[in-house]
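Q: See upload.cif below, with mmCIF, C-alpha atoms (C1' of nucleotides).
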data_entry
#
loop_
_atom_site.label_atom_id
_atom_site.label_comp_id
_atom_site.auth_asym_id
_atom_site.auth_seq_id
_atom_site.Cartn_x
_atom_site.Cartn_y
_atom_site.Cartn_z
CA MET A 29 0.93 -3.27 7.97
CA ARG A 30 3.63 -1.48 6.00
CA VAL A 31 4.82 -4.44 3.96
CA LEU A 32 6.76 -2.16 1.63
CA LYS A 33 8.84 -1.07 4.60
CA TYR A 34 9.96 -4.66 5.22
CA ALA A 35 10.40 -5.41 1.54
CA ILE A 36 12.82 -2.49 1.28
CA LEU A 37 14.64 -3.38 4.51
CA GLY A 38 15.03 -6.96 3.30
CA LEU A 39 16.47 -5.84 -0.01
CA LEU A 40 18.88 -3.46 1.71
CA ILE A 41 20.23 -6.33 3.80
CA LYS A 42 21.53 -7.88 0.57
CA ARG A 43 23.42 -4.70 -0.31
CA PRO A 44 23.09 -0.92 -0.09
CA MET A 45 20.97 0.41 -2.92
CA THR A 46 19.59 3.62 -4.39
CA GLY A 47 15.86 4.15 -4.72
CA TYR A 48 16.25 3.64 -8.42
CA GLU A 49 17.92 0.27 -7.90
CA LEU A 50 15.24 -0.79 -5.42
CA ALA A 51 12.60 0.04 -8.03
CA LYS A 52 14.41 -2.22 -10.49
CA GLU A 53 14.46 -5.10 -8.00
CA PHE A 54 10.68 -4.88 -7.85
CA ASN A 55 10.60 -5.55 -11.57
CA PHE A 56 12.56 -8.82 -11.70
CA GLU A 57 11.93 -12.15 -9.91
CA LEU A 58 10.33 -10.29 -7.04
CA ALA A 59 7.75 -8.83 -9.43
CA GLU A 60 5.80 -12.12 -9.45
CA PHE A 61 4.59 -11.55 -5.89
CA TRP A 62 5.55 -8.02 -4.90
CA HIS A 63 5.81 -4.73 -6.73
CA ALA A 64 6.31 -1.07 -5.90
CA SER A 65 7.01 1.86 -8.16
CA HIS A 66 9.43 4.67 -7.53
CA SER A 67 6.63 7.01 -6.47
CA GLN A 68 6.04 4.73 -3.49
CA ILE A 69 9.68 3.91 -2.83
CA TYR A 70 11.12 7.40 -2.51
CA PRO A 71 8.67 8.58 0.15
CA GLU A 72 9.06 5.28 2.01
CA LEU A 73 12.85 5.63 2.04
CA LYS A 74 12.49 9.12 3.47
CA LYS A 75 10.24 7.75 6.18
CA LEU A 76 12.60 4.89 6.97
CA ASN A 77 15.43 7.38 7.25
CA ASP A 78 13.37 9.52 9.64
CA GLU A 79 12.74 6.41 11.71
CA GLY A 80 16.44 5.61 11.83
CA LEU A 81 16.05 2.26 10.07
CA VAL A 82 18.16 3.26 7.08
CA THR A 83 20.89 5.80 6.34
CA TYR A 84 22.31 7.04 3.08
CA ASP A 85 25.46 8.36 1.50
CA ILE A 86 25.39 10.58 -1.50
CA GLU A 87 27.20 9.36 -4.57
CA ILE A 88 28.03 11.56 -7.51
CA SER A 89 28.15 10.31 -11.09
CA GLY A 90 29.75 12.58 -13.65
CA ASP A 91 29.70 16.19 -12.56
CA ILE A 92 26.52 16.73 -10.57
CA LEU A 93 24.12 13.77 -10.73
CA GLU A 94 23.42 12.77 -7.16
CA ALA A 95 22.26 9.36 -6.00
CA LYS A 96 21.39 8.43 -2.43
CA ARG A 97 22.73 5.01 -1.63
CA TYR A 98 20.74 3.64 1.29
CA SER A 99 22.04 1.17 3.86
CA ILE A 100 20.11 -0.59 6.59
CA THR A 101 20.98 0.31 10.20
CA LYS A 102 21.28 -2.02 13.22
CA GLU A 103 17.79 -0.94 14.28
CA GLY A 104 16.52 -1.63 10.79
CA GLU A 105 17.98 -5.12 10.79
CA LEU A 106 16.44 -5.80 14.18
CA GLU A 107 12.98 -4.69 13.11
CA PHE A 108 13.23 -6.64 9.88
CA THR A 109 14.30 -9.82 11.64
CA GLN A 110 11.47 -9.51 14.14
CA TRP A 111 9.00 -9.12 11.30
CA LEU A 112 10.47 -12.06 9.41
CA HIS A 113 9.99 -14.37 12.39
CA LYS A 114 6.25 -13.73 12.65
CA ASP A 115 3.66 -16.23 11.49
CA GLU A 116 1.56 -14.93 8.65
CA LYS A 117 -2.19 -15.49 8.48
CA ILE A 118 -3.18 -16.64 5.02
CA PRO A 119 -5.33 -14.10 3.20
CA LYS A 120 -9.03 -14.80 2.85
CA THR A 121 -9.04 -13.28 -0.59
CA GLN A 122 -6.57 -13.28 -3.45
CA LYS A 123 -8.22 -10.90 -5.83
CA ASP A 124 -8.38 -12.27 -9.33
CA ILE A 125 -10.37 -10.51 -12.02
CA PHE A 126 -10.28 -13.38 -14.48
CA ARG A 127 -11.77 -15.77 -11.95
CA LEU A 128 -14.44 -13.19 -11.24
CA ARG A 129 -15.23 -13.21 -14.95
CA MET A 130 -15.39 -17.00 -14.96
CA TYR A 131 -17.67 -16.86 -11.95
CA PHE A 132 -20.10 -14.98 -14.18
CA SER A 133 -19.37 -17.03 -17.27
CA ASN A 134 -22.84 -18.54 -17.51
CA ASN A 135 -23.73 -15.21 -19.15
CA LEU A 136 -21.50 -16.06 -22.12
CA ASP A 137 -21.95 -18.51 -24.93
CA PRO A 138 -19.53 -21.46 -24.90
CA LYS A 139 -17.45 -20.17 -27.81
CA THR A 140 -16.74 -16.88 -26.08
CA ARG A 141 -15.88 -18.65 -22.84
CA ILE A 142 -13.37 -20.84 -24.61
CA HIS A 143 -11.93 -17.86 -26.45
CA LEU A 144 -11.37 -16.03 -23.14
CA LEU A 145 -9.86 -19.12 -21.56
CA GLU A 146 -7.55 -19.79 -24.51
CA ASN A 147 -6.40 -16.20 -24.35
CA GLN A 148 -5.52 -16.56 -20.68
CA ARG A 149 -3.89 -19.89 -21.33
CA GLN A 150 -1.60 -18.39 -23.90
CA GLN A 151 -0.59 -15.54 -21.61
CA HIS A 152 0.13 -17.86 -18.71
CA LEU A 153 2.06 -20.24 -20.94
CA LYS A 154 4.23 -17.38 -22.13
CA ARG A 155 4.87 -16.31 -18.55
CA LEU A 156 5.63 -19.90 -17.61
CA ASN A 157 8.22 -20.19 -20.37
CA THR A 158 9.94 -17.04 -19.20
CA LEU A 159 10.03 -18.33 -15.63
CA VAL A 160 11.36 -21.73 -16.71
CA LYS A 161 14.08 -20.02 -18.70
CA THR A 162 15.03 -17.99 -15.65
CA SER A 163 15.10 -21.12 -13.52
CA GLU A 164 17.84 -22.56 -15.72
CA GLN A 165 20.17 -20.25 -13.81
CA TYR A 166 19.65 -22.57 -10.86
CA PRO A 167 20.97 -26.00 -11.89
CA GLU A 168 20.85 -27.01 -8.24
CA VAL A 169 19.33 -25.79 -4.98
CA PRO A 170 21.39 -22.81 -3.77
CA ASP A 171 22.98 -22.85 -0.34
CA LEU A 172 20.48 -22.33 2.48
CA TYR A 173 22.18 -19.16 3.64
CA SER A 174 22.81 -17.61 0.26
CA ASP A 175 20.29 -14.99 -0.76
CA ARG A 176 19.84 -16.97 -3.96
CA PHE A 177 17.94 -19.53 -1.91
CA GLY A 178 14.98 -17.17 -1.55
CA ASP A 179 15.07 -16.33 -5.25
CA PHE A 180 15.08 -20.01 -6.02
CA VAL A 181 12.13 -21.09 -3.88
CA VAL A 182 9.85 -18.28 -4.96
CA LEU A 183 10.78 -18.88 -8.59
CA LYS A 184 9.85 -22.55 -8.14
CA GLY A 185 6.59 -21.38 -6.58
CA ALA A 186 5.89 -19.03 -9.46
CA ILE A 187 6.46 -21.82 -11.97
CA MET A 188 4.22 -24.20 -10.07
CA ARG A 189 1.53 -21.55 -9.86
CA GLN A 190 1.57 -20.94 -13.61
CA GLU A 191 1.42 -24.67 -14.31
CA ASN A 192 -1.50 -24.98 -11.91
CA ILE A 193 -3.42 -22.12 -13.48
CA ILE A 194 -2.94 -23.63 -16.93
CA GLU A 195 -4.20 -26.96 -15.62
CA TRP A 196 -7.28 -25.23 -14.23
CA ILE A 197 -7.88 -23.42 -17.51
CA ASP A 198 -7.62 -26.71 -19.39
CA GLN A 199 -10.14 -28.31 -17.08
CA CYS A 200 -12.50 -25.37 -17.58
CA ILE A 201 -12.20 -25.72 -21.34
CA GLY A 202 -12.91 -29.42 -20.93
CA TYR A 203 -16.07 -28.78 -18.92
CA ILE A 204 -17.34 -26.31 -21.48
CA GLU A 205 -16.62 -28.55 -24.46
CA ALA A 206 -18.33 -31.48 -22.77
CA GLY A 207 -21.33 -29.34 -21.79
CA ALA A 208 -21.65 -27.80 -25.24
CA LYS A 209 -21.61 -31.23 -26.87
CA ASN A 210 -24.68 -32.31 -24.92
CA LYS A 211 -26.67 -29.17 -25.70
CA PRO A 212 -25.23 -27.41 -28.72
CA MET B 19 -11.00 -0.02 -13.62
CA ARG B 20 -14.01 -0.26 -11.31
CA VAL B 21 -14.09 -4.01 -10.91
CA LEU B 22 -16.46 -3.73 -7.96
CA LYS B 23 -18.98 -2.13 -10.29
CA TYR B 24 -18.99 -5.21 -12.50
CA ALA B 25 -18.90 -7.62 -9.59
CA ILE B 26 -22.07 -6.01 -8.24
CA LEU B 27 -23.76 -5.89 -11.64
CA GLY B 28 -22.93 -9.56 -12.19
CA LEU B 29 -24.41 -10.52 -8.83
CA LEU B 30 -27.54 -8.50 -9.51
CA ILE B 31 -28.10 -10.40 -12.74
CA LYS B 32 -28.64 -13.53 -10.64
CA ARG B 33 -31.33 -11.84 -8.60
CA PRO B 34 -32.20 -8.46 -7.07
CA MET B 35 -30.38 -7.95 -3.79
CA THR B 36 -29.94 -5.48 -0.97
CA GLY B 37 -26.52 -4.03 -0.14
CA TYR B 38 -26.48 -6.25 2.90
CA GLU B 39 -27.06 -9.35 0.81
CA LEU B 40 -24.37 -8.32 -1.67
CA ALA B 41 -21.94 -7.97 1.22
CA LYS B 42 -22.79 -11.51 2.27
CA GLU B 43 -22.13 -12.84 -1.23
CA PHE B 44 -18.63 -11.43 -1.01
CA ASN B 45 -18.06 -13.61 2.03
CA PHE B 46 -18.92 -17.02 0.54
CA GLU B 47 -17.44 -18.84 -2.48
CA LEU B 48 -16.70 -15.51 -4.10
CA ALA B 49 -14.51 -14.55 -1.12
CA GLU B 50 -11.67 -16.74 -2.44
CA PHE B 51 -10.97 -14.32 -5.28
CA TRP B 52 -13.02 -11.20 -4.64
CA HIS B 53 -14.13 -9.32 -1.58
CA ALA B 54 -15.79 -6.02 -0.73
CA SER B 55 -17.17 -4.77 2.54
CA HIS B 56 -20.39 -2.87 3.06
CA SER B 57 -18.52 0.44 3.35
CA GLN B 58 -17.48 0.01 -0.26
CA ILE B 59 -20.73 -1.51 -1.48
CA TYR B 60 -23.20 1.13 -0.32
CA PRO B 61 -21.43 4.07 -2.00
CA GLU B 62 -20.93 2.01 -5.15
CA LEU B 63 -24.64 1.15 -5.30
CA LYS B 64 -25.45 4.83 -4.99
CA LYS B 65 -23.10 5.58 -7.85
CA LEU B 66 -24.53 2.79 -10.02
CA ASN B 67 -28.00 4.14 -9.36
CA ASP B 68 -26.87 7.65 -10.37
CA GLU B 69 -25.47 6.14 -13.55
CA GLY B 70 -28.76 4.39 -14.30
CA LEU B 71 -27.24 0.91 -14.22
CA VAL B 72 -29.33 -0.24 -11.24
CA THR B 73 -32.64 0.73 -9.65
CA TYR B 74 -34.12 -0.10 -6.29
CA ASP B 75 -37.39 -0.67 -4.53
CA ILE B 76 -37.78 -0.09 -0.84
CA GLU B 77 -38.89 -3.06 1.21
CA ILE B 78 -40.14 -2.77 4.76
CA SER B 79 -39.59 -5.47 7.35
CA GLY B 80 -41.62 -5.19 10.55
CA ASP B 81 -42.76 -1.65 11.19
CA ILE B 82 -40.06 0.67 9.88
CA LEU B 83 -36.87 -1.17 8.88
CA GLU B 84 -36.16 -0.19 5.32
CA ALA B 85 -34.12 -2.18 2.85
CA LYS B 86 -33.27 -1.12 -0.68
CA ARG B 87 -33.55 -4.04 -3.03
CA TYR B 88 -31.46 -3.29 -6.10
CA SER B 89 -32.13 -4.63 -9.59
CA ILE B 90 -29.97 -4.28 -12.66
CA THR B 91 -31.34 -2.19 -15.54
CA LYS B 92 -31.14 -2.90 -19.28
CA GLU B 93 -28.22 -0.45 -19.51
CA GLY B 94 -26.57 -2.20 -16.60
CA GLU B 95 -26.89 -5.58 -18.28
CA LEU B 96 -25.47 -4.17 -21.48
CA GLU B 97 -22.43 -2.65 -19.78
CA PHE B 98 -21.84 -5.81 -17.80
CA THR B 99 -22.01 -8.03 -20.86
CA GLN B 100 -19.62 -5.79 -22.75
CA TRP B 101 -17.17 -5.98 -19.85
CA LEU B 102 -17.52 -9.74 -19.58
CA HIS B 103 -16.58 -10.22 -23.23
CA LYS B 104 -13.26 -8.42 -22.91
CA ASP B 105 -9.94 -10.22 -22.79
CA GLU B 106 -8.13 -9.75 -19.52
CA LYS B 107 -4.38 -9.14 -19.35
CA ILE B 108 -2.83 -11.34 -16.69
CA PRO B 109 -1.44 -9.33 -13.78
CA LYS B 110 2.33 -8.95 -13.50
CA THR B 111 2.13 -9.21 -9.76
CA GLN B 112 -0.03 -11.23 -7.41
CA LYS B 113 0.99 -9.77 -4.08
CA ASP B 114 1.82 -12.45 -1.55
CA ILE B 115 3.36 -11.54 1.77
CA PHE B 116 4.34 -15.07 2.70
CA ARG B 117 6.30 -15.50 -0.51
CA LEU B 118 7.99 -12.20 0.19
CA ARG B 119 9.03 -13.62 3.56
CA MET B 120 10.35 -16.77 1.89
CA TYR B 121 12.24 -14.60 -0.56
CA PHE B 122 14.12 -13.26 2.45
CA SER B 123 14.28 -16.60 4.25
CA ASN B 124 18.07 -16.90 4.05
CA ASN B 125 18.02 -14.56 7.05
CA LEU B 126 16.37 -17.27 9.17
CA ASP B 127 17.76 -20.46 10.63
CA PRO B 128 16.36 -23.66 9.10
CA LYS B 129 14.21 -24.50 12.11
CA THR B 130 12.39 -21.19 11.99
CA ARG B 131 11.87 -21.51 8.25
CA ILE B 132 10.31 -24.91 8.67
CA HIS B 133 8.16 -23.65 11.51
CA LEU B 134 6.84 -20.82 9.34
CA LEU B 135 6.23 -23.18 6.44
CA GLU B 136 4.46 -25.77 8.60
CA ASN B 137 2.26 -23.03 9.97
CA GLN B 138 1.26 -21.97 6.46
CA ARG B 139 0.80 -25.57 5.45
CA GLN B 140 -1.65 -26.15 8.24
CA GLN B 141 -3.65 -23.06 7.38
CA HIS B 142 -3.83 -23.94 3.70
CA LEU B 143 -4.77 -27.52 4.49
CA LYS B 144 -7.62 -26.32 6.67
CA ARG B 145 -8.81 -24.02 3.89
CA LEU B 146 -8.50 -26.86 1.40
CA ASN B 147 -10.65 -29.13 3.54
CA THR B 148 -13.35 -26.49 3.78
CA LEU B 149 -13.30 -26.03 0.02
CA VAL B 150 -13.45 -29.76 -0.63
CA LYS B 151 -16.40 -30.05 1.72
CA THR B 152 -18.15 -27.28 -0.19
CA SER B 153 -17.40 -28.99 -3.48
CA GLU B 154 -19.42 -32.01 -2.36
CA GLN B 155 -22.48 -29.94 -3.22
CA TYR B 156 -21.47 -30.42 -6.84
CA PRO B 157 -21.59 -34.17 -7.54
CA GLU B 158 -21.45 -33.37 -11.24
CA VAL B 159 -20.63 -30.42 -13.49
CA PRO B 160 -23.58 -28.02 -13.42
CA ASP B 161 -25.33 -27.02 -16.60
CA LEU B 162 -23.32 -24.55 -18.70
CA TYR B 163 -26.02 -21.90 -18.46
CA SER B 164 -26.84 -22.30 -14.78
CA ASP B 165 -25.17 -19.77 -12.52
CA ARG B 166 -23.89 -22.71 -10.51
CA PHE B 167 -21.47 -23.37 -13.35
CA GLY B 168 -19.41 -20.32 -12.41
CA ASP B 169 -19.49 -21.27 -8.74
CA PHE B 170 -18.29 -24.72 -9.70
CA VAL B 171 -15.33 -23.78 -11.87
CA VAL B 172 -13.95 -21.18 -9.48
CA LEU B 173 -14.38 -23.58 -6.57
CA LYS B 174 -12.40 -26.18 -8.54
CA GLY B 175 -9.78 -23.51 -9.16
CA ALA B 176 -9.62 -22.58 -5.49
CA ILE B 177 -9.11 -26.24 -4.54
CA MET B 178 -6.40 -26.70 -7.13
CA ARG B 179 -4.69 -23.55 -5.95
CA GLN B 180 -4.63 -24.70 -2.33
CA GLU B 181 -3.28 -28.10 -3.35
CA ASN B 182 -0.61 -26.41 -5.41
CA ILE B 183 0.47 -24.11 -2.59
CA ILE B 184 0.72 -27.06 -0.22
CA GLU B 185 2.85 -28.89 -2.78
CA TRP B 186 5.13 -25.86 -3.01
CA ILE B 187 5.38 -25.62 0.77
CA ASP B 188 6.29 -29.30 0.97
CA GLN B 189 9.00 -28.83 -1.62
CA CYS B 190 10.37 -25.86 0.31
CA ILE B 191 10.47 -27.91 3.48
CA GLY B 192 12.26 -30.65 1.53
CA TYR B 193 14.89 -28.22 0.24
CA ILE B 194 15.53 -26.89 3.73
CA GLU B 195 15.76 -30.31 5.35
CA ALA B 196 18.16 -31.49 2.66
CA GLY B 197 20.26 -28.35 2.95
CA ALA B 198 20.37 -28.47 6.73
CA LYS B 199 21.53 -32.09 6.68
CA ASN B 200 24.61 -31.20 4.67
CA LYS B 201 25.58 -28.27 6.90
CA PRO B 202 23.91 -28.55 10.28
"C1'" DT C 29 -34.61 -10.50 27.35
"C1'" DT C 30 -30.66 -10.71 25.06
"C1'" DA C 31 -27.79 -12.00 21.36
"C1'" DA C 32 -27.51 -12.54 16.54
"C1'" DA C 33 -28.78 -11.04 12.36
"C1'" DC C 34 -30.70 -7.39 9.44
"C1'" DA C 35 -29.94 -2.92 7.52
"C1'" DT C 36 -27.58 1.50 5.97
"C1'" DG C 37 -24.61 4.83 5.97
"C1'" DT C 38 -19.97 8.10 6.80
"C1'" DA C 39 -15.02 9.27 8.00
"C1'" DA C 40 -10.20 8.73 8.48
"C1'" DG C 41 -6.34 6.76 6.93
"C1'" DC C 42 -3.34 3.67 4.34
"C1'" DT C 43 -1.86 1.68 -0.11
"C1'" DG C 44 -1.10 1.97 -4.69
"C1'" DT C 45 -1.29 3.81 -9.65
"C1'" DT C 46 -0.72 7.21 -13.12
"C1'" DA C 47 0.67 11.38 -14.34
"C1'" DC C 48 3.37 15.49 -13.66
"C1'" DA C 49 8.01 17.45 -13.29
"C1'" DT C 50 12.93 17.81 -13.96
"C1'" DG C 51 17.35 16.91 -15.27
"C1'" DA C 52 22.14 14.23 -15.99
"C1'" DT C 53 24.86 10.54 -17.96
"C1'" DT C 54 25.95 6.91 -20.95
"C1'" DT C 55 25.76 4.29 -25.06
"C1'" DA C 56 24.73 3.40 -29.78
"C1'" DT D 14 23.25 13.62 -31.48
"C1'" DA D 15 19.60 11.06 -30.10
"C1'" DA D 16 17.80 7.43 -27.36
"C1'" DA D 17 18.17 4.77 -23.35
"C1'" DT D 18 19.22 4.69 -18.79
"C1'" DC D 19 20.11 6.85 -14.41
"C1'" DA D 20 18.17 9.57 -10.79
"C1'" DT D 21 14.74 11.87 -7.60
"C1'" DG D 22 10.89 13.75 -6.35
"C1'" DT D 23 5.42 15.44 -5.96
"C1'" DA D 24 0.28 15.42 -6.91
"C1'" DA D 25 -4.12 13.63 -7.86
"C1'" DC D 26 -6.88 10.06 -7.65
"C1'" DA D 27 -8.68 5.23 -7.03
"C1'" DG D 28 -9.32 1.42 -4.02
"C1'" DC D 29 -9.71 -0.60 0.27
"C1'" DT D 30 -9.77 -1.24 5.51
"C1'" DT D 31 -11.09 -0.07 10.02
"C1'" DA D 32 -13.64 2.40 12.84
"C1'" DC D 33 -17.47 5.34 13.85
"C1'" DA D 34 -22.49 5.75 14.01
"C1'" DT D 35 -27.24 4.26 14.39
"C1'" DG D 36 -31.08 1.63 14.75
"C1'" DT D 37 -34.62 -2.63 13.89
"C1'" DT D 38 -36.09 -7.35 13.83
"C1'" DT D 39 -35.88 -12.14 14.78
"C1'" DA D 40 -34.79 -16.26 17.12
"C1'" DA D 41 -33.11 -18.61 21.14
#
Step by step, read the file and then write its structure as structure tokens.
A:
Amino acid sequence: MRVLKYAILGLLIKRPMTGYELAKEFNFELAEFWHASHSQIYPELKKLNDEGLVTYDIEISGDILEAKRYSITKEGELEFTQWLHKDEKIPKTQKDIFRLRMYFSNNLDPKTRIHLLENQRQQHLKRLNTLVKTSEQYPEVPDLYSDRFGDFVVLKGAIMRQENIIEWIDQCIGYIEAGAKNKP
Amino acid sequence: MRVLKYAILGLLIKRPMTGYELAKEFNFELAEFWHASHSQIYPELKKLNDEGLVTYDIEISGDILEAKRYSITKEGELEFTQWLHKDEKIPKTQKDIFRLRMYFSNNLDPKTRIHLLENQRQQHLKRLNTLVKTSEQYPEVPDLYSDRFGDFVVLKGAIMRQENIIEWIDQCIGYIEAGAKNKP
DNA sequence: TTAAACATGTAAGCTGTTACATGATTTA
DNA sequence: TAAATCATGTAACAGCTTACATGTTTAA
């Protein structure tokens, strides 16, 4: 499916970037729903260059440090746009280890279950706070054609997802507390 | 990390199963947040057997059709329980291709964006309806120590997640409609 | 009698992570 | 001058998907 290919092409439409810069992008807002490390990015950039979807110029910092600044080509833009127009089938499975654990939680005593849930709750709350803080950079909805629009909607989605997970965790805790009260 | 190992061990605690039956389990409720196909399961069962965490008896249906019915061993139960007690770090990234597309959505005209969103909406709504129908099997919260408790809480979570995604999609559509009105 | 379900396995290939490997430049 | 950041690559391995491969039993 080569999603990384399209992720890179999409980022290069914003502006030409080095592999190193692309790797950084995958660690900010984007990181909530897509990630790639440099060991994936460099080979992919090479491949995209072979396919004629990107080109690069070499930049020199200081005396000898070379950086390849990649730009998307016309063909690259075309392929990216075609991909972007396609309907996406929703995935059957969103792998989630914690939910797998909860699926098996009848094997744990109530106290342990609540401990595990509280631990998750705390982590998600922390993440939520970070996301909310980031969202303060968007006092209003960005222009539809600005690339900040995409940032904005996925950030909103990330916040809503964290809130939803916390709500689910709270309900789980509620079920366990109610169940433990009946049969302690 | 070998999550599949623990997923299989957890399922075998419920009851002894064949590889074929395990594969089926990964296609029902569990499928929302974990999946494995038979080509992964059979080698893993072999490995677990080598490690002494499961054993099997051969069952014969009809004249010659053999099935290996796997049971978890004491060691297997111990390892599983130890795993289940561990705190889980929340993942930095939950890969989501559709959100990646939306991240790049400034490259699409508003009509196409709304088309893509409506398409997702419809798919998630369909999934939601299926989940809600399934949840009717749980008129009340199952007993804390019944293995239906795990089924129940993750099903609740799956429903909440679908509702949340639909809410996000609706908000996205709202942003686009509002933005397109200002600058058509 | 035929299609669906039962049943088990292997192989090739893609994706992704962690570690290995090296070195330059900038900033504190 | 030392640490952080910039910069690029490869290798080994784990995980997962799709296809290949084979055959039996049951229910319509």
Q: At what distance in Å, to one decimal, does CA of Ser89 in chain B lie from CA of Lys139 in chain A?
A: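 Atom-to-atom, CA of Lys139 in chain A to CA of Ser89 in chain B, that is 28.1 Å.
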Q: Tell me which residues the PyMOL selection byres ((chain C) within 9 of (chain B)) grabs here, as a list in words.
A: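 For this structure, the PyMOL selection byres ((chain C) within 9 of (chain B)) captures DC34, DA35, DT36, DG37 and DT38 of chain C.
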Q: Restricting the output to C-alpha atoms (C1' of nucleotides), write the selected residues as a compact mmCIF listing (two decimals), in the frame of the given file.
A:
# COMPACT_ATOMS: atom_id res chain seq x y z
C1' DC C 34 -30.70 -7.39 9.44
C1' DA C 35 -29.94 -2.92 7.52
C1' DT C 36 -27.58 1.50 5.97
C1' DG C 37 -24.61 4.83 5.97
C1' DT C 38 -19.97 8.10 6.80
Q: Calculate, to one decimal in Å, the centre and edge lengths of the box along x, y and z of the file that holds all listed atoms of range 43-51 of chain C with 3 Å of margin on each side, and present them as JSON.
A:
{"center_x": 7.7, "center_y": 9.7, "center_z": -7.7, "size_x": 25.2, "size_y": 22.1, "size_z": 21.2}
Q: What are the closest atom pairs, with distances in Å to one decimal, for each residue of chain D lying within 9 Å of chain A, using all atoms listed in the file, rows by chain and rising residue number, as a tab-separated table?
A:
residue	atom	partner	partner_atom	distance
D:DC19	C1'	A:Tyr48	CA	7.8
D:DA20	C1'	A:Ala95	CA	6.3
D:DT21	C1'	A:Tyr70	CA	7.7
D:DG22	C1'	A:Tyr70	CA	7.4
D:DT23	C1'	A:Ser67	CA	8.5
Q: Hey, what comes out of the PyMOL selection byres ((chain A and resi 145) around 10) on this file? Could you write it as a list in words?
A: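 Selection result, ordered by chain and number: Phe126, Met130, Lys139, Thr140, Arg141, Ile142, His143, Leu144, Glu146, Asn147, Gln148, Arg149, Gln150, Gln151, Ile194, Trp196, Ile197, Asp198, Cys200 and Ile201 of chain A; Asp105 and Glu106 of chain B.
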Q: Need the shell around DG41 in chain C: protein/DNA/RNA residues with any atom at most 12 Å away, counting all atoms listed in the file. Skip same-chain ones fewer than 5 positions apart. Format as a list in words?
A: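 These residues fall inside the cut-off: DC29, DT30, DT31 and DA32 of chain D.
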Q: Using CA of Trp111 in chain A and CA of Gln180 in chain B as the two end points, give the distance in Å to one decimal.
A: 24.8 Å
Q: Between A:Leu153, A:Ala59, A:Leu81, A:Ala206, which has the minimum distance to chain B (counting only C-alpha atoms)?
A: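 Closest to chain B of all the choices is A:Ala59.
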Q: Given the file shown, enumerate the residues that the PyMOL selection byres ((chain B and resi 172) around 10) captures and present them as a PDB file with C-alpha atoms, in the coordinates of the input.
A:
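Resulting contents of selection00.pdb:
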ATOM      1  CA  PHE A 126     -10.280 -13.380 -14.480  1.00  0.00           C
ATOM      2  CA  ARG A 127     -11.770 -15.770 -11.950  1.00  0.00           C
ATOM      3  CA  LEU A 128     -14.440 -13.190 -11.240  1.00  0.00           C
ATOM      4  CA  ARG A 129     -15.230 -13.210 -14.950  1.00  0.00           C
ATOM      5  CA  MET A 130     -15.390 -17.000 -14.960  1.00  0.00           C
ATOM      6  CA  TYR A 131     -17.670 -16.860 -11.950  1.00  0.00           C
ATOM      7  CA  PHE A 132     -20.100 -14.980 -14.180  1.00  0.00           C
ATOM      8  CA  TRP A 196      -7.280 -25.230 -14.230  1.00  0.00           C
ATOM      9  CA  CYS A 200     -12.500 -25.370 -17.580  1.00  0.00           C
TER      10      CYS A 200
ATOM     11  CA  GLU B  47     -17.440 -18.840  -2.480  1.00  0.00           C
ATOM     12  CA  LEU B  48     -16.700 -15.510  -4.100  1.00  0.00           C
ATOM     13  CA  GLU B  50     -11.670 -16.740  -2.440  1.00  0.00           C
ATOM     14  CA  PHE B  51     -10.970 -14.320  -5.280  1.00  0.00           C
ATOM     15  CA  PHE B 167     -21.470 -23.370 -13.350  1.00  0.00           C
ATOM     16  CA  GLY B 168     -19.410 -20.320 -12.410  1.00  0.00           C
ATOM     17  CA  ASP B 169     -19.490 -21.270  -8.740  1.00  0.00           C
ATOM     18  CA  PHE B 170     -18.290 -24.720  -9.700  1.00  0.00           C
ATOM     19  CA  VAL B 171     -15.330 -23.780 -11.870  1.00  0.00           C
ATOM     20  CA  LEU B 173     -14.380 -23.580  -6.570  1.00  0.00           C
ATOM     21  CA  LYS B 174     -12.400 -26.180  -8.540  1.00  0.00           C
ATOM     22  CA  GLY B 175      -9.780 -23.510  -9.160  1.00  0.00           C
ATOM     23  CA  ALA B 176      -9.620 -22.580  -5.490  1.00  0.00           C
ATOM     24  CA  ILE B 177      -9.110 -26.240  -4.540  1.00  0.00           C
ATOM     25  CA  MET B 178      -6.400 -26.700  -7.130  1.00  0.00           C
TER      26      MET B 178
END
Q: Can you measure C1' of DT35 in chain D to CA of Ile59 in chain B for me? One decimal in Å is fine.
A: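 Straight-line distance from C1' of DT35 in chain D to CA of Ile59 in chain B works out to 18.1 Å.
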Q: Using all atoms listed in the file, which of the listed residues (A:Lys74, A:Lys33, A:Arg97, A:Arg189) sits closest to chain B?
A: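 Checking each candidate against chain B, we get A:Arg189 as the closest.
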Q: Please list as a list in words every residue within 12 Å of Gly94 in chain B, counting all atoms listed in the file and excluding residues in the same chain fewer than 3 positions away.
A: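 Here the answer would be Lys23, Tyr24, Ala25, Ile26, Leu27, Gly28, Leu29, Leu30, Ile31, Leu63, Leu66, Asn67, Asp68, Glu69, Gly70, Leu71, Val72, Thr73, Tyr88, Ser89, Ile90, Thr91, Glu97, Phe98, Thr99, Gln100 and Trp101 of chain B.
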Q: Can you pull out the residues contacting DA24 in chain D? Cut-off 12 Å, using all atoms listed in the file, and skip same-chain residues under 5 positions away; I want them as a compact mmCIF listing (two decimals) with C-alpha atoms (C1' of nucleotides), in the coordinates of the input.
A:
# COMPACT_ATOMS: atom_id res chain seq x y z
CA SER A 67 6.63 7.01 -6.47
C1' DT C 46 -0.72 7.21 -13.12
C1' DA C 47 0.67 11.38 -14.34
C1' DC C 48 3.37 15.49 -13.66
C1' DA C 49 8.01 17.45 -13.29
